[in-house]
$ cat upload.csv   # CSV, C-alpha atoms
chain,number,residue,atom,x,y,z
A,3,ARG,CA,-13.8,-17.0,61.6
A,4,VAL,CA,-14.8,-20.5,62.6
A,5,THR,CA,-17.0,-20.8,65.7
A,6,GLY,CA,-16.3,-23.7,68.0
A,7,SER,CA,-14.5,-26.7,66.4
A,8,SER,CA,-15.5,-28.6,63.3
A,9,SER,CA,-14.3,-30.9,60.6
A,10,TYR,CA,-16.1,-29.1,57.9
A,11,ALA,CA,-14.2,-28.5,54.7
A,12,GLY,CA,-13.6,-25.0,53.3
A,13,GLY,CA,-15.1,-24.3,49.9
A,14,ALA,CA,-13.0,-25.3,46.9
A,15,GLY,CA,-11.5,-22.7,44.6
A,16,GLY,CA,-13.0,-22.0,41.2
A,17,GLY,CA,-10.2,-23.3,39.1
A,18,ALA,CA,-9.2,-21.9,35.7
A,19,VAL,CA,-10.9,-21.7,32.3
A,20,ARG,CA,-9.0,-20.8,29.1
A,21,LEU,CA,-10.8,-20.5,25.7
A,22,ALA,CA,-9.3,-19.2,22.5
A,23,ILE,CA,-11.9,-19.1,19.7
A,24,SER,CA,-11.2,-17.2,16.5
A,25,GLY,CA,-14.9,-17.0,15.6
A,26,THR,CA,-17.9,-16.3,17.8
A,27,LEU,CA,-18.3,-17.6,21.3
A,28,THR,CA,-22.0,-17.7,22.2
A,29,VAL,CA,-22.8,-18.1,25.9
A,30,ASN,CA,-26.5,-18.7,26.4
A,31,GLY,CA,-26.0,-20.7,29.7
A,32,ALA,CA,-23.4,-20.2,32.3
A,33,LEU,CA,-19.6,-20.1,31.9
A,34,VAL,CA,-18.3,-20.3,35.5
A,35,ALA,CA,-15.3,-20.6,37.6
A,36,ASN,CA,-17.0,-20.0,40.9
A,37,GLY,CA,-15.6,-20.8,44.3
A,38,ALA,CA,-17.6,-23.4,46.2
A,39,ASP,CA,-19.6,-22.6,49.4
A,40,GLY,CA,-18.0,-23.5,52.7
A,41,GLU,CA,-19.7,-26.2,54.8
A,42,GLY,CA,-21.4,-25.6,58.1
A,43,SER,CA,-24.3,-26.2,60.4
A,44,GLY,CA,-25.7,-24.8,63.6
A,45,SER,CA,-23.1,-22.5,65.0
A,46,TYR,CA,-20.2,-24.0,63.0
A,47,GLY,CA,-19.1,-23.0,59.6
A,48,VAL,CA,-16.0,-22.6,57.3
A,49,GLY,CA,-15.0,-20.1,54.6
A,50,GLY,CA,-16.1,-20.1,51.0
A,51,GLY,CA,-13.7,-20.8,48.2
A,52,SER,CA,-12.2,-18.1,46.1
A,53,GLY,CA,-13.4,-17.5,42.6
A,54,GLY,CA,-11.2,-18.9,39.9
A,55,SER,CA,-9.8,-17.5,36.6
A,56,ILE,CA,-11.5,-17.2,33.2
A,57,TRP,CA,-9.4,-16.1,30.2
A,58,LEU,CA,-11.2,-15.7,26.9
A,59,THR,CA,-9.8,-14.7,23.5
A,60,VAL,CA,-12.6,-14.6,21.0
A,61,GLY,CA,-13.4,-13.0,17.7
A,62,THR,CA,-16.9,-12.1,18.9
A,63,LEU,CA,-18.7,-12.6,22.3
A,64,ALA,CA,-22.4,-13.1,22.1
A,65,GLY,CA,-25.4,-14.6,23.9
A,66,ALA,CA,-27.7,-14.1,26.8
A,67,GLY,CA,-26.0,-16.1,29.4
A,68,VAL,CA,-23.5,-15.3,32.3
A,69,ILE,CA,-19.8,-15.5,32.8
A,70,THR,CA,-18.8,-15.6,36.5
A,71,ALA,CA,-15.9,-16.2,38.8
A,72,ASN,CA,-17.7,-15.4,42.1
A,73,GLY,CA,-16.4,-16.3,45.5
A,74,GLY,CA,-18.2,-19.0,47.5
A,75,ASP,CA,-20.3,-18.1,50.6
A,76,CYS,CA,-19.2,-19.3,54.0
A,77,GLY,CA,-20.9,-22.1,55.8
A,78,ASN,CA,-23.8,-20.8,57.9
A,79,LEU,CA,-22.5,-17.2,57.6
A,80,SER,CA,-20.2,-17.7,60.5
A,81,ALA,CA,-16.9,-17.5,58.6
A,82,GLY,CA,-15.5,-15.4,55.7
A,83,GLY,CA,-16.8,-15.4,52.2
A,84,GLY,CA,-14.4,-16.3,49.3
A,85,ALA,CA,-12.9,-13.6,47.3
A,86,GLY,CA,-14.0,-13.1,43.7
A,87,GLY,CA,-11.7,-14.3,40.9
A,88,ARG,CA,-10.3,-12.8,37.7
A,89,ILE,CA,-12.0,-12.6,34.3
A,90,ALA,CA,-10.1,-11.3,31.3
A,91,ILE,CA,-11.8,-11.2,27.9
A,92,TYR,CA,-9.9,-10.2,24.8
A,93,HIS,CA,-12.4,-9.7,22.0
A,94,GLY,CA,-13.0,-8.3,18.5
A,95,GLY,CA,-16.6,-7.3,19.4
A,96,MET,CA,-19.1,-8.0,22.2
A,97,GLU,CA,-21.9,-5.6,21.2
A,98,SER,CA,-24.5,-8.4,21.7
A,99,PHE,CA,-23.3,-9.5,25.1
A,100,ASP,CA,-24.2,-7.4,28.2
A,101,PRO,CA,-21.1,-6.8,30.3
A,102,ALA,CA,-23.4,-6.6,33.4
A,103,ARG,CA,-23.6,-10.4,33.1
A,104,ILE,CA,-19.9,-10.7,33.8
A,105,THR,CA,-19.4,-10.9,37.6
A,106,VAL,CA,-16.6,-11.6,40.1
A,107,THR,CA,-18.5,-11.0,43.3
A,108,GLY,CA,-17.0,-11.9,46.7
A,109,GLY,CA,-18.9,-14.5,48.7
A,110,ALA,CA,-21.2,-13.7,51.7
A,111,GLY,CA,-20.0,-14.4,55.2
A,112,TYR,CA,-19.2,-13.0,58.6
A,113,GLN,CA,-16.6,-11.1,56.6
A,114,HIS,CA,-17.7,-10.6,53.0
A,115,GLY,CA,-15.2,-11.7,50.4
A,116,GLU,CA,-13.5,-9.0,48.3
A,117,ASP,CA,-14.8,-8.6,44.8
A,118,GLY,CA,-12.4,-9.8,42.1
A,119,THR,CA,-11.4,-8.0,38.8
A,120,ILE,CA,-12.7,-7.9,35.3
A,121,TYR,CA,-10.6,-6.9,32.3
A,122,LEU,CA,-12.2,-6.4,28.9
A,123,SER,CA,-10.0,-5.5,26.0
A,124,SER,CA,-11.2,-4.8,22.5
A,125,ILE,CA,-8.7,-6.0,20.0
A,126,ASN,CA,-8.9,-5.7,16.2
A,127,LEU,CA,-9.0,-9.0,14.4
A,128,PRO,CA,-5.9,-9.4,12.3
A,129,LYS,CA,-5.6,-8.6,8.6
A,130,ALA,CA,-2.9,-8.1,6.0
A,131,LEU,CA,-2.2,-4.5,5.1
A,132,SER,CA,0.0,-4.6,2.0
A,133,HIS,CA,2.5,-6.6,-0.1
A,134,GLU,CA,5.7,-5.8,-1.9
A,135,PRO,CA,6.6,-5.8,-4.7
A,136,ALA,CA,3.3,-4.6,-6.2
A,137,GLY,CA,2.2,-2.8,-9.3
A,138,TRP,CA,4.0,-3.1,-12.6
A,139,LEU,CA,7.5,-4.6,-12.5
A,140,THR,CA,10.1,-4.7,-15.3
A,141,ALA,CA,12.1,-7.6,-13.8
A,142,PRO,CA,11.3,-11.2,-12.8
A,143,VAL,CA,9.9,-11.7,-9.3
A,144,SER,CA,10.9,-14.4,-6.8
A,145,HIS,CA,9.3,-13.3,-3.6
A,146,VAL,CA,6.5,-11.2,-2.1
A,147,ASP,CA,6.7,-9.6,1.4
A,148,VAL,CA,3.3,-9.4,3.2
A,149,THR,CA,2.8,-6.9,6.1
A,150,PHE,CA,0.1,-7.6,8.7
A,151,ASP,CA,-1.5,-5.1,11.1
A,152,SER,CA,-0.6,-7.1,14.1
A,153,PHE,CA,2.0,-9.7,15.2
A,154,MET,CA,1.2,-13.1,13.9
A,155,LYS,CA,2.4,-16.5,15.1
A,156,PRO,CA,5.0,-17.6,12.5
A,157,TRP,CA,4.3,-21.3,13.0
A,158,THR,CA,0.7,-20.8,11.8
A,159,PHE,CA,1.8,-19.3,8.4
A,160,GLY,CA,3.0,-21.8,5.9
A,161,PRO,CA,2.9,-22.6,2.1
A,162,GLU,CA,-0.6,-24.1,2.6
A,163,ASP,CA,-1.8,-20.6,3.4
A,164,VAL,CA,-0.6,-19.2,0.0
A,165,LEU,CA,-2.1,-19.5,-3.5
A,166,ILE,CA,-0.3,-17.7,-6.3
A,167,THR,CA,-2.1,-17.6,-9.6
A,168,THR,CA,0.1,-17.0,-12.7
A,169,PRO,CA,-0.7,-15.4,-16.1
A,170,GLY,CA,-3.0,-17.8,-18.0
A,171,GLY,CA,-4.6,-19.2,-14.8
A,172,GLY,CA,-1.9,-21.6,-13.6
A,173,THR,CA,-0.6,-21.7,-10.0
A,174,ILE,CA,2.7,-22.1,-8.3
A,175,SER,CA,3.0,-25.4,-6.5
A,176,GLN,CA,3.0,-25.2,-2.7
A,177,ALA,CA,6.0,-27.5,-2.8
A,178,GLU,CA,7.9,-24.7,-4.4
A,179,ILE,CA,6.8,-22.0,-1.9
A,180,THR,CA,8.5,-21.2,1.4
A,181,VAL,CA,7.3,-18.8,4.0
A,182,SER,CA,9.7,-17.1,6.5
A,183,HIS,CA,9.3,-14.4,9.2
A,184,VAL,CA,11.4,-11.4,8.1
A,185,GLN,CA,10.8,-9.2,11.2
A,186,GLY,CA,8.0,-7.8,13.3
A,187,ARG,CA,4.8,-8.0,11.2
A,188,VAL,CA,6.5,-8.8,7.9
A,189,PHE,CA,6.6,-12.3,6.3
A,190,ARG,CA,8.3,-13.3,3.0
A,191,ILE,CA,6.7,-15.7,0.5
A,192,ALA,CA,9.5,-17.1,-1.7
A,193,PHE,CA,9.1,-19.0,-4.9
A,194,PRO,CA,11.0,-19.8,-8.2
A,195,GLU,CA,11.7,-16.8,-10.3
A,196,GLN,CA,8.7,-15.9,-12.4
A,197,LEU,CA,9.4,-14.7,-16.0
A,198,ALA,CA,5.9,-15.0,-17.6
A,199,GLN,CA,4.5,-11.5,-18.4
A,200,ASP,CA,1.2,-10.0,-17.2
A,201,LEU,CA,-0.9,-10.3,-14.0
A,202,TYR,CA,-0.1,-12.5,-10.9
A,203,THR,CA,-2.5,-12.8,-8.0
A,204,VAL,CA,-1.3,-13.7,-4.4
A,205,ARG,CA,-3.9,-15.0,-1.9
A,206,VAL,CA,-2.9,-15.3,1.7
A,207,GLY,CA,-4.8,-16.8,4.6
A,208,PRO,CA,-7.3,-16.7,6.3
A,209,HIS,CA,-6.2,-19.3,8.9
A,210,ILE,CA,-3.1,-17.5,10.1
A,211,VAL,CA,-3.5,-16.4,13.7
A,212,ASN,CA,-2.2,-13.5,15.8
A,213,LEU,CA,-0.8,-13.7,19.3
A,214,TYR,CA,-4.4,-14.0,20.7
A,215,ASP,CA,-5.1,-17.0,18.5
A,216,GLN,CA,-7.4,-15.1,16.3
A,217,GLU,CA,-7.6,-15.8,12.6
A,218,MET,CA,-7.7,-13.2,9.9
A,219,ASP,CA,-10.8,-11.0,9.3
A,220,GLN,CA,-9.8,-9.3,6.1
A,221,SER,CA,-13.4,-8.5,5.3
A,222,GLY,CA,-13.8,-6.6,8.6
A,223,ASN,CA,-17.2,-8.1,9.3
A,224,GLY,CA,-16.2,-9.4,12.8
A,225,THR,CA,-16.3,-13.1,11.7
A,226,PRO,CA,-12.7,-14.3,11.2
A,227,GLY,CA,-11.5,-17.2,9.2
A,228,GLU,CA,-14.0,-17.1,6.4
A,229,GLU,CA,-12.5,-19.2,3.7
A,230,TRP,CA,-12.6,-16.6,0.9
A,231,GLY,CA,-13.9,-13.4,2.3
A,232,ASP,CA,-11.1,-13.2,4.9
A,233,ALA,CA,-8.1,-14.1,2.7
A,234,TYR,CA,-5.9,-11.2,1.6
A,235,VAL,CA,-5.6,-10.9,-2.1
A,236,GLY,CA,-2.9,-8.8,-3.8
A,237,THR,CA,-1.5,-8.5,-7.3
A,238,PHE,CA,1.6,-7.6,-9.2
A,239,SER,CA,2.4,-7.6,-12.9
A,240,VAL,CA,5.5,-8.5,-14.8
A,241,ASP,CA,6.4,-6.8,-18.1
A,242,THR,CA,10.1,-7.3,-19.0
A,243,THR,CA,9.5,-5.2,-22.2
A,244,PRO,CA,8.7,-1.9,-20.5
A,245,LEU,CA,7.0,1.0,-22.3
A,246,LEU,CA,9.9,3.3,-23.4
A,247,ILE,CA,10.4,6.5,-25.4
A,248,GLU,CA,12.2,5.8,-28.7
A,249,GLN,CA,12.1,9.3,-30.2
A,250,ALA,CA,11.2,12.8,-29.1
A,251,GLN,CA,11.1,15.8,-31.4
A,252,SER,CA,10.3,19.5,-30.9
A,253,ARG,CA,8.4,20.3,-34.1
A,254,LYS,CA,8.0,23.7,-35.7
A,255,THR,CA,6.8,25.0,-39.1
A,256,HIS,CA,9.1,27.8,-40.3
A,257,GLY,CA,6.9,30.4,-41.8
A,258,THR,CA,5.6,29.3,-45.2
A,259,GLY,CA,8.4,26.9,-45.5
A,260,GLY,CA,9.1,23.4,-44.2
A,261,THR,CA,8.5,21.7,-40.9
A,262,TYR,CA,11.6,20.8,-38.9
A,263,ASP,CA,12.0,18.5,-36.0
A,264,LEU,CA,14.6,19.2,-33.3
A,265,ASP,CA,15.7,16.1,-31.3
A,266,VAL,CA,15.0,16.6,-27.6
A,267,LEU,CA,15.8,13.0,-26.6
A,268,MET,CA,19.3,12.6,-27.9
A,269,GLY,CA,22.2,15.0,-28.8
A,270,THR,CA,22.2,18.6,-27.7
A,271,ARG,CA,18.5,18.6,-26.6
A,272,VAL,CA,18.1,22.4,-26.6
A,273,GLU,CA,15.1,24.0,-28.4
A,274,CYS,CA,16.7,27.3,-29.6
A,275,ARG,CA,13.8,28.7,-31.7
A,276,ALA,CA,11.6,31.6,-30.6
A,277,ASN,CA,8.7,30.8,-28.3
A,278,GLY,CA,10.3,27.6,-27.2
A,279,PRO,CA,8.7,24.2,-27.8
A,280,THR,CA,5.2,24.4,-29.1
A,281,LEU,CA,4.6,20.8,-30.3
A,282,LEU,CA,6.3,17.7,-29.0
A,283,VAL,CA,6.1,14.5,-30.9
A,284,VAL,CA,7.0,11.5,-28.7
A,285,VAL,CA,7.3,8.0,-30.2
A,286,PHE,CA,7.2,4.9,-28.0
A,287,ASN,CA,8.2,1.3,-28.5
A,288,GLN,CA,4.6,0.1,-28.3
A,289,GLU,CA,1.2,1.4,-29.2
A,290,ILE,CA,-0.2,3.6,-26.5
A,291,GLU,CA,-3.5,5.0,-25.1
A,292,GLY,CA,-4.7,7.1,-22.1
A,293,VAL,CA,-5.3,5.0,-19.1
A,294,ASP,CA,-8.9,6.2,-18.7
A,295,GLY,CA,-9.3,7.9,-22.0
A,296,LEU,CA,-6.8,10.5,-23.2
A,297,ASP,CA,-6.8,13.9,-21.6
A,298,LEU,CA,-4.3,16.6,-20.5
A,299,GLY,CA,-3.9,14.9,-17.1
A,300,ASP,CA,-2.2,12.0,-18.7
A,301,VAL,CA,1.0,14.2,-19.1
A,302,SER,CA,2.8,16.3,-16.6
A,303,VAL,CA,5.0,19.3,-17.8
A,304,THR,CA,7.3,21.6,-15.9
A,305,ASN,CA,8.3,25.1,-17.2
A,306,ALA,CA,5.7,25.0,-19.9
A,307,THR,CA,1.9,24.3,-20.2
A,308,ALA,CA,0.4,21.4,-22.0
A,309,THR,CA,-2.5,22.6,-24.2
A,310,SER,CA,-3.4,19.5,-26.2
A,311,VAL,CA,-2.7,15.8,-26.5
A,312,ALA,CA,-3.3,13.4,-29.3
A,313,ILE,CA,-2.3,9.8,-30.0
A,314,THR,CA,-1.7,7.9,-33.3
A,315,GLY,CA,-0.4,4.4,-32.8
A,316,THR,CA,2.9,4.7,-31.0
A,317,SER,CA,3.1,8.5,-31.3
A,318,LEU,CA,1.9,11.1,-28.8
A,319,GLU,CA,1.7,14.7,-29.8
A,320,ILE,CA,1.7,17.3,-27.0
A,321,GLY,CA,0.9,20.9,-27.7
A,322,LEU,CA,2.8,23.4,-25.5
A,323,SER,CA,2.8,27.1,-24.7
A,324,GLY,CA,4.5,29.4,-22.3
A,325,ALA,CA,7.9,27.6,-22.1
A,326,VAL,CA,10.2,29.5,-19.8
A,327,ASP,CA,13.3,30.7,-21.7
A,328,GLY,CA,16.5,29.4,-20.2
A,329,SER,CA,14.8,26.6,-18.4
A,330,LEU,CA,14.7,22.8,-18.3
A,331,VAL,CA,11.4,21.5,-19.6
A,332,THR,CA,10.5,18.1,-18.2
A,333,VAL,CA,7.6,15.9,-19.4
A,334,SER,CA,6.4,12.7,-17.6
A,335,PHE,CA,3.5,10.5,-18.6
A,336,PRO,CA,1.4,9.4,-15.5
A,337,GLY,CA,-1.6,8.4,-17.6
A,338,ILE,CA,-0.1,6.9,-20.8
A,339,VAL,CA,-0.1,3.1,-21.0
A,340,ASP,CA,0.5,0.5,-23.7
A,341,VAL,CA,-2.2,-1.4,-25.5
A,342,THR,CA,-0.2,-4.4,-26.7
A,343,GLU,CA,-0.4,-6.3,-23.4
A,344,GLN,CA,-3.5,-7.8,-21.7
A,345,TYR,CA,-2.8,-5.4,-18.8
A,346,PRO,CA,-1.5,-1.8,-19.4
A,347,VAL,CA,1.9,-0.7,-18.4
A,348,LEU,CA,2.7,2.8,-17.3
A,349,VAL,CA,5.5,4.7,-19.0
A,350,GLN,CA,8.6,4.7,-16.8
A,351,ASP,CA,10.6,7.3,-18.8
A,352,THR,CA,10.7,11.1,-18.2
A,353,LEU,CA,11.7,13.5,-21.0
A,354,CYS,CA,14.0,16.4,-20.2
A,355,PHE,CA,15.4,19.0,-22.5
A,356,GLY,CA,16.4,22.7,-22.5
A,357,ALA,CA,14.6,25.8,-23.9
A,358,LEU,CA,17.0,28.6,-24.8
A,359,LYS,CA,16.2,31.1,-27.5
A,360,GLY,CA,19.2,31.8,-29.7
A,361,ASP,CA,21.4,28.8,-28.7
A,362,ALA,CA,21.9,27.9,-32.3
A,363,ASN,CA,24.8,25.5,-31.7
A,364,GLY,CA,23.1,23.8,-28.7
A,365,ASP,CA,25.8,24.3,-26.1
A,366,LYS,CA,23.3,25.5,-23.4
A,367,SER,CA,24.4,29.1,-23.6
A,368,VAL,CA,24.0,32.0,-26.0
A,369,ASN,CA,27.4,33.5,-27.0
A,370,ILE,CA,29.6,34.5,-29.8
A,371,PHE,CA,29.6,31.0,-31.3
A,372,ASP,CA,25.8,31.3,-31.9
A,373,LEU,CA,26.3,34.6,-33.7
A,374,VAL,CA,28.9,32.9,-35.9
A,375,THR,CA,26.6,29.9,-36.6
A,376,VAL,CA,23.9,32.2,-37.8
A,377,ARG,CA,26.2,34.5,-39.7
A,378,ASN,CA,27.7,31.6,-41.6
A,379,ALA,CA,24.2,30.6,-42.8
A,380,LEU,CA,23.0,34.1,-43.6
A,381,ASN,CA,20.7,34.3,-46.6
A,382,GLN,CA,20.9,30.5,-47.3
A,383,PRO,CA,17.7,28.5,-47.8
A,384,VAL,CA,16.5,26.9,-44.6
A,385,THR,CA,17.1,23.2,-44.7
A,386,ALA,CA,17.3,20.2,-42.3
A,387,ALA,CA,21.0,20.9,-42.0
A,388,ASN,CA,20.8,24.6,-41.0
A,389,PHE,CA,17.3,25.2,-39.6
A,390,ARG,CA,18.8,25.9,-36.1
A,391,GLY,CA,20.1,29.2,-37.5
A,392,ASP,CA,16.6,30.3,-38.3
A,393,VAL,CA,16.0,31.1,-34.6
A,394,THR,CA,12.9,33.2,-35.5
A,395,ALA,CA,11.4,30.2,-37.4
A,396,ASP,CA,10.2,32.5,-40.3
A,397,ASN,CA,11.8,30.4,-43.1
A,398,ALA,CA,14.7,32.9,-43.6
A,399,ILE,CA,18.1,33.1,-42.0
A,400,ASN,CA,18.7,36.9,-41.9
A,401,ILE,CA,19.5,39.9,-39.8
A,402,PHE,CA,16.5,39.3,-37.5
A,403,ASP,CA,18.0,36.0,-36.4
A,404,LEU,CA,21.3,37.8,-35.6
A,405,VAL,CA,19.4,40.4,-33.6
A,406,THR,CA,17.5,37.6,-31.7
A,407,VAL,CA,20.8,35.9,-30.8
A,408,ARG,CA,22.4,39.2,-29.8
A,409,ASN,CA,19.5,40.2,-27.6
A,410,ASN,CA,19.9,37.0,-25.6
A,411,LEU,CA,23.7,37.0,-25.4
A,412,ASN,CA,25.2,35.6,-22.2
A,413,LYS,CA,22.0,33.8,-21.2
A,414,GLY,CA,22.3,30.1,-20.3
A,415,ILE,CA,20.6,27.1,-18.8
A,416,ALA,CA,21.4,26.6,-15.1
A,417,GLY,CA,22.1,22.9,-14.4
A,418,TRP,CA,21.1,20.1,-16.7
A,419,CYS,CA,18.9,17.1,-17.0
A,420,PRO,CA,19.5,14.0,-14.8

$ encode --input "upload.csv" --output "structure tokens"
Amino acid sequence: RVTGSSSYAGGAGGGAVRLAISGTLTVNGALVANGADGEGSGSYGVGGGSGGSIWLTVGTLAGAGVITANGGDCGNLSAGGGAGGRIAIYHGGMESFDPARITVTGGAGYQHGEDGTIYLSSINLPKALSHEPAGWLTAPVSHVDVTFDSFMKPWTFGPEDVLITTPGGGTISQAEITVSHVQGRVFRIAFPEQLAQDLYTVRVGPHIVNLYDQEMDQSGNGTPGEEWGDAYVGTFSVDTTPLLIEQAQSRKTHGTGGTYDLDVLMGTRVECRANGPTLLVVVFNQEIEGVDGLDLGDVSVTNATATSVAITGTSLEIGLSGAVDGSLVTVSFPGIVDVTEQYPVLVQDTLCFGALKGDANGDKSVNIFDLVTVRNALNQPVTAANFRGDVTADNAINIFDLVTVRNNLNKGIAGWCP
């Protein structure tokens, strides 16, 4: 309301303030977008200006000052006060700033101005979550995909934000690196195919920003953009000579006679002797060790129980008991690594073979042909050529072997190894 007539000017609006700061914004004074007071004297007065807009995106908000977008008072309290404005603050933390010092109060007047609105949004500072490929790789590598926890501005992520260290301490030139936005939160770092074996380190950031113009805070300490602490660091390793199984034998000593190895890597792969496999001897293409010192947890066995492990050079001996007759026994090596490289490589192979008592000819079933195999070797000395006929492993091929086969007739192994 204006009383009488006047040429007084109404209060100016508060305008707009926009600040995007990846680090800490410290306000110890006043950050304002207040409407101006209206003019007036005597019985004449005009309205106050409306509060303006303050939009802040900050890593951390701190300080003892005030942030205001208040409406202006009317001139001489004879007209309306200006409405309060709008303050929106997107922050990664404001524990040291009192929200009570943020105001959008309407101005005083004959009719008090409406208060404005305040919006405070806690947003996590961005960081990278993972990269692929990772771990040990058996093929050359020509790219790494990095996934962030929030959407990043693609134009802020370039080769200058990447440092790839190769085995021996060299680096891939930034001129040979390209960065592209794959989709969503995933970016691809491409580079010439890398063939050198051993460990690579990929450093990304920290000056890549999200949609709120915030730099990376990989350390999580609330201070983004720290040169080394807030860069993401990942690794991968290349070993084009993987650790592989070269031989695998099921070893048994036949009574007081010789010790005979049954191949469970190649050929028929069926342990036909009584009590199933009791000692596996696995030979690798490189010298091996347990990843944190050898123990039973370094091997994983199905349908039998590992009772002991021992390593000599490239050879791993695994004691077994309780093999399930008529089953597939599988052995994997989650804790066995090579020692010939600077960085150990896990075994990729899995061993699989059958355990079927009496399957003298190794055809995965016990039948008349096994009886014939044993009968044809009856009373012969046990040798490397006929030891499968000694299914009781007592160093004699005799009636007891025929009985063992007969008692297991028509039993077979369901399915087969992959």

$ closest_residue --input "upload.csv" --among "A:Ile179, A:Leu213, A:Leu197, A:Ala32" --to "Val60 of chain A" --atoms "only C-alpha atoms"
A:Leu213

$ residues_around --input "upload.csv" --residues "Cys354 of chain A" --least-positions-apart "5" --cutoff "6 Å" --atoms "only C-alpha atoms" --output "list in words"
Val331, Thr332 and Cys419 of chain A

$ atom_distance --input "upload.csv" --atom1 "atom CA of Leu404 of chain A" --atom2 "atom CA of Gln382 of chain A"
13.8 Å

$ closest_residue --input "upload.csv" --among "A:Glu195, A:Asp147, A:Asp300, A:Asp351" --to "Glu134 of chain A" --atoms "all atoms listed in the file"
A:Asp147

$ closest_residue --input "upload.csv" --among "A:Asp327, A:Asp361, A:Asp340, A:Asp265" --to "Ala386 of chain A" --atoms "all atoms listed in the file"
A:Asp265

$ decode --input "upload.csv" --residues "segment 252-268 of chain A" --atoms "N, CA and C atoms" --output "mmCIF file, in the first residue's frame"
data_model
loop_
_atom_site.group_PDB
_atom_site.id
_atom_site.type_symbol
_atom_site.label_atom_id
_atom_site.label_comp_id
_atom_site.auth_asym_id
_atom_site.auth_seq_id
_atom_site.Cartn_x
_atom_site.Cartn_y
_atom_site.Cartn_z
ATOM 1 N N SER A 252 47.082 -89.999 -10.084
ATOM 2 C CA SER A 252 46.599 -90.593 -8.843
ATOM 3 C C SER A 252 47.576 -91.707 -8.489
ATOM 4 N N ARG A 253 48.289 -91.547 -7.381
ATOM 5 C CA ARG A 253 49.398 -92.453 -7.035
ATOM 6 C C ARG A 253 48.997 -93.392 -5.902
ATOM 7 N N LYS A 254 49.277 -94.697 -6.120
ATOM 8 C CA LYS A 254 49.040 -95.697 -5.074
ATOM 9 C C LYS A 254 50.200 -96.689 -5.036
ATOM 10 N N THR A 255 50.544 -97.124 -3.845
ATOM 11 C CA THR A 255 51.491 -98.221 -3.676
ATOM 12 C C THR A 255 50.690 -99.508 -3.511
ATOM 13 N N HIS A 256 50.992 -100.489 -4.366
ATOM 14 C CA HIS A 256 50.239 -101.746 -4.373
ATOM 15 C C HIS A 256 50.890 -102.738 -3.407
ATOM 16 N N GLY A 257 50.328 -102.813 -2.211
ATOM 17 C CA GLY A 257 50.840 -103.748 -1.214
ATOM 18 C C GLY A 257 52.305 -103.534 -0.948
ATOM 19 N N THR A 258 53.078 -104.631 -1.032
ATOM 20 C CA THR A 258 54.530 -104.548 -0.841
ATOM 21 C C THR A 258 55.257 -104.398 -2.165
ATOM 22 N N GLY A 259 54.491 -104.171 -3.220
ATOM 23 C CA GLY A 259 55.080 -104.062 -4.549
ATOM 24 C C GLY A 259 55.378 -102.634 -4.952
ATOM 25 N N GLY A 260 55.167 -102.350 -6.208
ATOM 26 C CA GLY A 260 55.536 -101.052 -6.743
ATOM 27 C C GLY A 260 54.473 -99.987 -6.525
ATOM 28 N N THR A 261 54.871 -98.752 -6.854
ATOM 29 C CA THR A 261 53.970 -97.600 -6.813
ATOM 30 C C THR A 261 53.604 -97.245 -8.242
ATOM 31 N N TYR A 262 52.300 -97.102 -8.497
ATOM 32 C CA TYR A 262 51.832 -96.881 -9.864
ATOM 33 C C TYR A 262 50.966 -95.623 -9.924
ATOM 34 N N ASP A 263 51.228 -94.848 -10.971
ATOM 35 C CA ASP A 263 50.504 -93.595 -11.191
ATOM 36 C C ASP A 263 49.454 -93.777 -12.271
ATOM 37 N N LEU A 264 48.225 -93.356 -11.964
ATOM 38 C CA LEU A 264 47.132 -93.393 -12.928
ATOM 39 C C LEU A 264 46.872 -91.966 -13.398
ATOM 40 N N ASP A 265 46.937 -91.742 -14.697
ATOM 41 C CA ASP A 265 46.784 -90.392 -15.261
ATOM 42 C C ASP A 265 45.340 -89.920 -15.089
ATOM 43 N N VAL A 266 45.168 -88.791 -14.381
ATOM 44 C CA VAL A 266 43.824 -88.227 -14.213
ATOM 45 C C VAL A 266 43.702 -86.871 -14.914
ATOM 46 N N LEU A 267 44.657 -86.573 -15.795
ATOM 47 C CA LEU A 267 44.581 -85.352 -16.599
ATOM 48 C C LEU A 267 44.248 -85.670 -18.040
ATOM 49 N N MET A 268 44.815 -86.743 -18.557
ATOM 50 C CA MET A 268 44.599 -87.156 -19.936
ATOM 51 C C MET A 268 44.046 -88.583 -19.946
#
